[in-house]
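Structure file data-v6.txt (compact mmCIF, C-alpha atoms) follows.
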# COMPACT_ATOMS: atom_id res chain seq x y z
CA ASP A 220 82.01 30.57 -9.46
CA GLN A 221 79.33 27.96 -8.99
CA GLN A 222 80.51 24.70 -10.50
CA VAL A 223 77.37 22.68 -9.72
CA LYS A 224 74.08 24.37 -10.47
CA GLN A 225 70.58 23.41 -9.51
CA ASN A 226 68.57 26.14 -11.16
CA SER A 227 65.18 25.17 -9.76
CA PRO A 228 64.90 26.08 -6.07
CA SER A 229 61.66 24.16 -5.79
CA LEU A 230 59.47 21.63 -7.57
CA SER A 231 55.95 20.49 -6.81
CA VAL A 232 54.42 17.28 -8.21
CA GLN A 233 51.40 15.11 -7.59
CA GLU A 234 51.72 11.76 -5.88
CA GLY A 235 52.19 8.98 -8.42
CA ARG A 236 53.62 11.25 -11.10
CA ILE A 237 57.25 11.57 -12.15
CA SER A 238 59.59 14.04 -10.43
CA ILE A 239 62.54 15.27 -12.47
CA LEU A 240 65.27 17.20 -10.71
CA ASN A 241 67.99 18.78 -12.81
CA CYS A 242 71.62 19.60 -12.24
CA ASP A 243 74.25 21.24 -14.45
CA TYR A 244 77.99 21.38 -13.92
CA THR A 245 80.76 23.41 -15.45
CA ASN A 246 83.94 21.62 -14.37
CA SER A 247 84.94 19.09 -17.02
CA MET A 248 87.18 17.35 -14.46
CA PHE A 249 84.13 16.09 -12.55
CA ASP A 250 83.67 12.40 -13.23
CA TYR A 251 81.49 11.17 -10.39
CA PHE A 252 78.11 12.52 -9.40
CA LEU A 253 75.87 11.92 -6.43
CA TRP A 254 72.45 12.89 -5.21
CA TYR A 255 71.74 13.45 -1.54
CA LYS A 256 68.35 13.88 0.08
CA LYS A 257 67.74 16.02 3.14
CA TYR A 258 64.74 16.09 5.44
CA PRO A 259 64.24 19.00 7.87
CA ALA A 260 66.24 18.66 11.11
CA GLU A 261 68.33 15.83 9.68
CA GLY A 262 71.62 15.58 7.87
CA PRO A 263 71.76 14.82 4.14
CA THR A 264 71.66 11.14 3.24
CA PHE A 265 73.12 9.51 0.15
CA LEU A 266 70.55 8.55 -2.47
CA ILE A 267 72.18 7.47 -5.72
CA SER A 268 75.34 8.05 -7.72
CA ILE A 269 76.68 7.73 -11.24
CA SER A 270 80.13 7.48 -12.73
CA SER A 271 80.99 9.38 -15.88
CA ILE A 272 81.56 6.10 -17.72
CA LYS A 273 77.82 5.48 -17.52
CA ASP A 274 74.84 7.43 -18.74
CA LYS A 275 72.22 5.88 -16.49
CA ASN A 276 72.00 4.32 -13.06
CA GLU A 277 68.84 2.92 -11.57
CA ASP A 278 67.91 2.03 -8.00
CA GLY A 279 64.28 1.17 -7.47
CA ARG A 280 62.15 4.26 -8.06
CA PHE A 281 65.22 6.45 -8.53
CA THR A 282 67.13 6.83 -11.79
CA VAL A 283 69.96 9.22 -12.52
CA PHE A 284 70.79 10.16 -16.10
CA LEU A 285 74.07 11.74 -17.15
CA ASN A 286 74.64 13.68 -20.37
CA LYS A 287 78.35 14.42 -20.41
CA SER A 288 78.34 16.43 -23.60
CA ALA A 289 75.77 18.78 -22.11
CA LYS A 290 77.32 18.59 -18.62
CA HIS A 291 73.88 17.82 -17.29
CA LEU A 292 72.41 15.22 -15.01
CA SER A 293 68.91 14.56 -13.82
CA LEU A 294 67.25 12.55 -11.10
CA HIS A 295 63.97 10.86 -11.94
CA ILE A 296 61.65 9.60 -9.22
CA VAL A 297 58.86 7.34 -10.44
CA PRO A 298 56.30 7.13 -8.96
CA SER A 299 56.68 10.06 -6.59
CA GLN A 300 55.47 9.57 -3.03
CA PRO A 301 54.71 12.11 -0.28
CA GLY A 302 57.66 10.71 1.69
CA ASP A 303 59.95 11.87 -1.11
CA SER A 304 59.27 15.49 -0.11
CA ALA A 305 62.71 16.81 0.84
CA VAL A 306 65.57 18.96 -0.38
CA TYR A 307 67.70 17.20 -3.01
CA PHE A 308 71.34 18.13 -3.45
CA CYS A 309 73.36 17.30 -6.51
CA ALA A 310 77.10 16.84 -5.87
CA ALA A 311 80.13 16.23 -8.05
CA ILE A 312 83.75 15.22 -7.64
CA GLY A 313 86.79 14.73 -9.84
CA SER A 314 88.93 11.64 -9.39
CA GLY A 315 92.65 11.73 -9.13
CA GLY A 316 94.92 14.64 -8.47
CA SER A 317 94.30 16.62 -5.31
CA ASN A 318 90.55 16.85 -5.55
CA TYR A 319 89.41 15.74 -2.13
CA LYS A 320 86.01 17.27 -1.88
CA LEU A 321 82.47 17.04 -3.10
CA THR A 322 81.07 20.19 -4.64
CA PHE A 323 77.37 20.60 -3.91
CA GLY A 324 74.63 22.47 -5.70
CA LYS A 325 72.25 24.76 -3.82
CA GLY A 326 69.53 22.14 -3.62
CA THR A 327 65.98 21.74 -4.92
CA LEU A 328 63.01 21.47 -2.56
CA LEU A 329 60.70 18.75 -3.83
CA THR A 330 57.11 18.71 -2.58
CA VAL A 331 54.97 15.71 -3.46
CA ASN A 332 51.31 16.44 -2.93
CA PRO A 333 48.93 13.62 -1.95
CA GLU B 189 74.84 1.98 15.15
CA ALA B 190 77.18 3.58 12.62
CA GLN B 191 76.82 7.32 12.90
CA VAL B 192 78.29 10.79 12.98
CA THR B 193 77.45 12.64 16.18
CA GLN B 194 77.55 16.40 16.54
CA ASN B 195 77.16 18.50 19.65
CA PRO B 196 75.57 20.80 20.47
CA ARG B 197 72.59 20.49 18.14
CA TYR B 198 71.48 24.03 18.92
CA LEU B 199 73.46 26.94 20.30
CA ILE B 200 72.85 30.65 20.72
CA THR B 201 75.92 32.66 21.60
CA VAL B 202 77.25 36.19 21.45
CA THR B 203 79.86 37.80 19.25
CA GLY B 204 83.41 37.02 20.30
CA LYS B 205 82.70 34.17 22.70
CA LYS B 206 84.80 31.19 21.65
CA LEU B 207 82.91 27.99 20.99
CA THR B 208 83.58 24.46 19.79
CA VAL B 209 81.24 22.17 17.92
CA THR B 210 82.27 18.57 18.41
CA CYS B 211 82.03 15.83 15.81
CA SER B 212 82.65 12.15 16.38
CA GLN B 213 82.28 9.15 14.09
CA ASN B 214 82.32 5.47 15.06
CA MET B 215 83.02 3.99 11.63
CA ASN B 216 86.81 4.28 11.57
CA HIS B 217 86.54 6.63 8.59
CA GLU B 218 89.68 8.30 7.29
CA TYR B 219 88.03 11.36 5.80
CA MET B 220 86.04 13.96 7.75
CA SER B 221 84.67 17.31 6.71
CA TRP B 222 82.66 20.29 7.94
CA TYR B 223 79.99 22.03 5.87
CA ARG B 224 77.73 24.96 6.45
CA GLN B 225 74.29 25.29 4.92
CA ASP B 226 72.85 28.73 4.28
CA PRO B 227 69.62 29.71 2.47
CA GLY B 228 70.23 30.09 -1.25
CA LEU B 229 73.84 28.93 -0.94
CA GLY B 230 73.51 25.20 -0.40
CA LEU B 231 76.26 23.21 1.30
CA ARG B 232 79.71 24.77 1.38
CA GLN B 233 82.79 23.04 2.69
CA ILE B 234 84.66 24.72 5.55
CA TYR B 235 87.52 22.33 6.32
CA TYR B 236 88.33 18.72 5.69
CA SER B 237 90.73 16.13 7.06
CA MET B 238 92.19 13.19 5.20
CA ASN B 239 93.52 11.50 8.33
CA VAL B 240 94.92 12.18 11.79
CA GLU B 241 96.91 15.42 11.87
CA VAL B 242 96.09 16.12 8.19
CA THR B 243 93.66 18.98 7.61
CA ASP B 244 93.06 21.47 4.81
CA LYS B 245 90.85 24.39 3.93
CA GLY B 246 87.63 24.06 2.02
CA ASP B 247 85.76 26.83 0.27
CA VAL B 248 84.86 29.02 3.27
CA PRO B 249 87.50 28.52 6.01
CA GLU B 250 87.70 32.10 7.29
CA GLY B 251 86.88 32.41 10.97
CA TYR B 252 87.13 28.67 11.67
CA LYS B 253 89.76 26.27 12.97
CA VAL B 254 89.79 22.50 13.13
CA SER B 255 91.96 19.77 14.58
CA ARG B 256 92.25 16.03 14.02
CA LYS B 257 94.19 14.56 16.92
CA GLU B 258 92.26 11.31 16.89
CA LYS B 259 90.73 9.48 13.97
CA ARG B 260 87.19 9.57 15.34
CA ASN B 261 87.00 13.27 16.33
CA PHE B 262 87.02 16.41 14.22
CA PRO B 263 85.97 19.48 16.24
CA LEU B 264 85.12 22.81 14.62
CA ILE B 265 86.38 25.82 16.55
CA LEU B 266 85.10 29.36 16.25
CA GLU B 267 87.68 31.47 18.10
CA SER B 268 85.72 34.72 17.85
CA PRO B 269 82.28 34.08 16.39
CA SER B 270 80.56 36.79 14.39
CA PRO B 271 76.93 37.11 13.25
CA ASN B 272 77.85 36.05 9.69
CA GLN B 273 78.71 32.64 11.12
CA THR B 274 75.09 32.09 12.06
CA SER B 275 74.33 28.96 10.08
CA LEU B 276 73.48 25.27 10.08
CA TYR B 277 76.63 23.20 10.34
CA PHE B 278 77.13 19.60 9.26
CA CYS B 279 79.97 17.25 9.97
CA ALA B 280 80.46 14.33 7.60
CA SER B 281 82.79 11.39 7.18
CA SER B 282 83.62 8.79 4.56
CA PRO B 283 85.71 5.62 4.54
CA PHE B 284 88.30 6.87 2.09
CA LEU B 285 89.34 10.01 0.35
CA PRO B 286 86.42 11.23 -1.77
CA ASN B 287 88.30 10.80 -5.01
CA ARG B 288 88.19 7.02 -4.79
CA GLY B 289 85.13 6.45 -6.90
CA ASN B 290 82.32 4.53 -5.32
CA ALA B 291 83.83 4.68 -1.84
CA ASN B 292 83.26 8.39 -1.48
CA VAL B 293 79.80 8.36 0.05
CA LEU B 294 79.68 10.83 2.89
CA THR B 295 77.74 10.08 6.05
CA PHE B 296 76.44 13.28 7.62
CA GLY B 297 75.64 14.17 11.18
CA ALA B 298 72.23 15.60 12.09
CA GLY B 299 73.48 19.18 12.09
CA SER B 300 74.22 21.94 14.59
CA ARG B 301 72.25 25.15 14.34
CA LEU B 302 74.36 28.06 15.54
CA THR B 303 73.11 31.58 16.14
CA VAL B 304 75.60 34.34 16.87
CA LEU B 305 74.06 37.54 18.28

Write out the structure in this file as structure tokens.
Amino acid sequence: DQQVKQNSPSLSVQEGRISILNCDYTNSMFDYFLWYKKYPAEGPTFLISISSIKDKNEDGRFTVFLNKSAKHLSLHIVPSQPGDSAVYFCAAIGSGGSNYKLTFGKGTLLTVNP
Amino acid sequence: EAQVTQNPRYLITVTGKKLTVTCSQNMNHEYMSWYRQDPGLGLRQIYYSMNVEVTDKGDVPEGYKVSRKEKRNFPLILESPSPNQTSLYFCASSPFLPNRGNANVLTFGAGSRLTVL
């Protein structure tokens, strides 16, 4: 059962426009969410995170929004740049108990066209 | 430079021939983990380790073994590789156990692409 879902395998946007990547989760025990970015031939790198006590976290051009009631989060990139072209993974974790792992979505390939 | 190093980066092998993918981190991290990435399936955890001599299964542990004899090293062992283990493998580490809030950022290695014929 997939607990973290990224339903869009790919997304294409024009340079300078907004990119919105979506992620849904089913496990109500998740209370911390992260986005990782992956370029070809490299390992994923951490991008931005959000705790469930917040509904928004901003870092430069990147903003993550969390809607707990809908179990949905989104990553906004404004403005999008060609260097943002990569696969973006959403990940989630529950604090406490014996939850010692991140659960990843399948990823969304973002292409930013010049 | 703080990093997670995996070797080999690329390997083609045959069914049944035992192989080990090494992973080493120089950040004194407690937590280490192995993932495999497959098309349409994303990143799936194979095994993880919370500290020396403490390991546990992830989501897809079948066909793999791990050991954590030293804090910095976490090798992935395929005793008898099969074609369904053809995949891109990532080792990752983090300072603390991933359920400690903001300290659970994983640092990934560059990946090891394994092909089993």

**OP:** Counting only C-alpha atoms, figure out which residue out of B:Met238, B:Leu207, B:Ile200, B:Val304 gets nearest to Lys253 of chain B.
**Re:** B:Leu207

Need the neighbours of (80.7, 19.0, 15.4): which residues are at most 7 Å away, counting all atoms listed in the file, as an mmCIF file with C-alpha atoms, in the frame of the given file?
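Output saved as part.cif:
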data_model
loop_
_atom_site.group_PDB
_atom_site.id
_atom_site.type_symbol
_atom_site.label_atom_id
_atom_site.label_comp_id
_atom_site.auth_asym_id
_atom_site.auth_seq_id
_atom_site.Cartn_x
_atom_site.Cartn_y
_atom_site.Cartn_z
ATOM 1 C CA GLN B 194 77.550 16.400 16.540
ATOM 2 C CA ASN B 195 77.160 18.500 19.650
ATOM 3 C CA VAL B 209 81.240 22.170 17.920
ATOM 4 C CA THR B 210 82.270 18.570 18.410
ATOM 5 C CA CYS B 211 82.030 15.830 15.810
ATOM 6 C CA PHE B 262 87.020 16.410 14.220
ATOM 7 C CA PRO B 263 85.970 19.480 16.240
ATOM 8 C CA LEU B 264 85.120 22.810 14.620
ATOM 9 C CA CYS B 279 79.970 17.250 9.970
#

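All residues of protein, DNA or RNA that reach within 12 Å of Gly279 of chain A, judged by all atoms listed in the file and not counting those fewer than 6 positions away in the chain, are Leu266, Ile267, His295, Ile296, Val297, Pro298 and Ser299 of chain A.
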
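Proximity ranking of B:Asn214, B:Gln225, B:Thr203, B:Asn272 relative to chain A places B:Gln225 first, based on only C-alpha atoms.
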
Subject >> Long-range neighbours of Tyr258 of chain A as a list in words, 12 Å cut-off, all atoms listed in the file, 4 positions minimum in chain >> reply: Gly262, Pro263, Thr264, Phe265, Gly302, Asp303, Ser304, Ala305, Val306, Tyr307, Phe308, Gly326, Thr327, Leu328, Leu329 and Thr330 of chain A; Ala298 and Gly299 of chain B

**OP:** Quick one: everything within 7 Å of Asn286 of chain A, counting only C-alpha atoms, minus sequence neighbours fewer than 5 positions away in the same chain. Send it as a ChimeraX atom specification.
**Re:** /A:274,291-292

**OP:** Find the residue from B:Gln213, B:Thr274, B:Ser237, B:Thr208 that sits nearest to chain A; use all atoms listed in the file when measuring.
**Re:** B:Ser237

**OP:** Please provide the set of residues having any atom within 9 Å of segment 235-251 of chain A, restricted to all atoms listed in the file, with same-chain residues fewer than 5 positions apart removed, written as a PyMOL selection string.
**Re:** (chain A and resi 221-227+230+268-272+287+289-300+307-314+324+327+329+331+333) or (chain B and resi 287+289-290)

Subject >> Nearest candidate to chain B (options A:Glu277, A:Pro259, A:Ser231, A:Phe284; using only C-alpha atoms) >> reply: A:Pro259

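Atom CA of Arg224 of chain B is found 14.0 Å from atom CA of Tyr198 of chain B.
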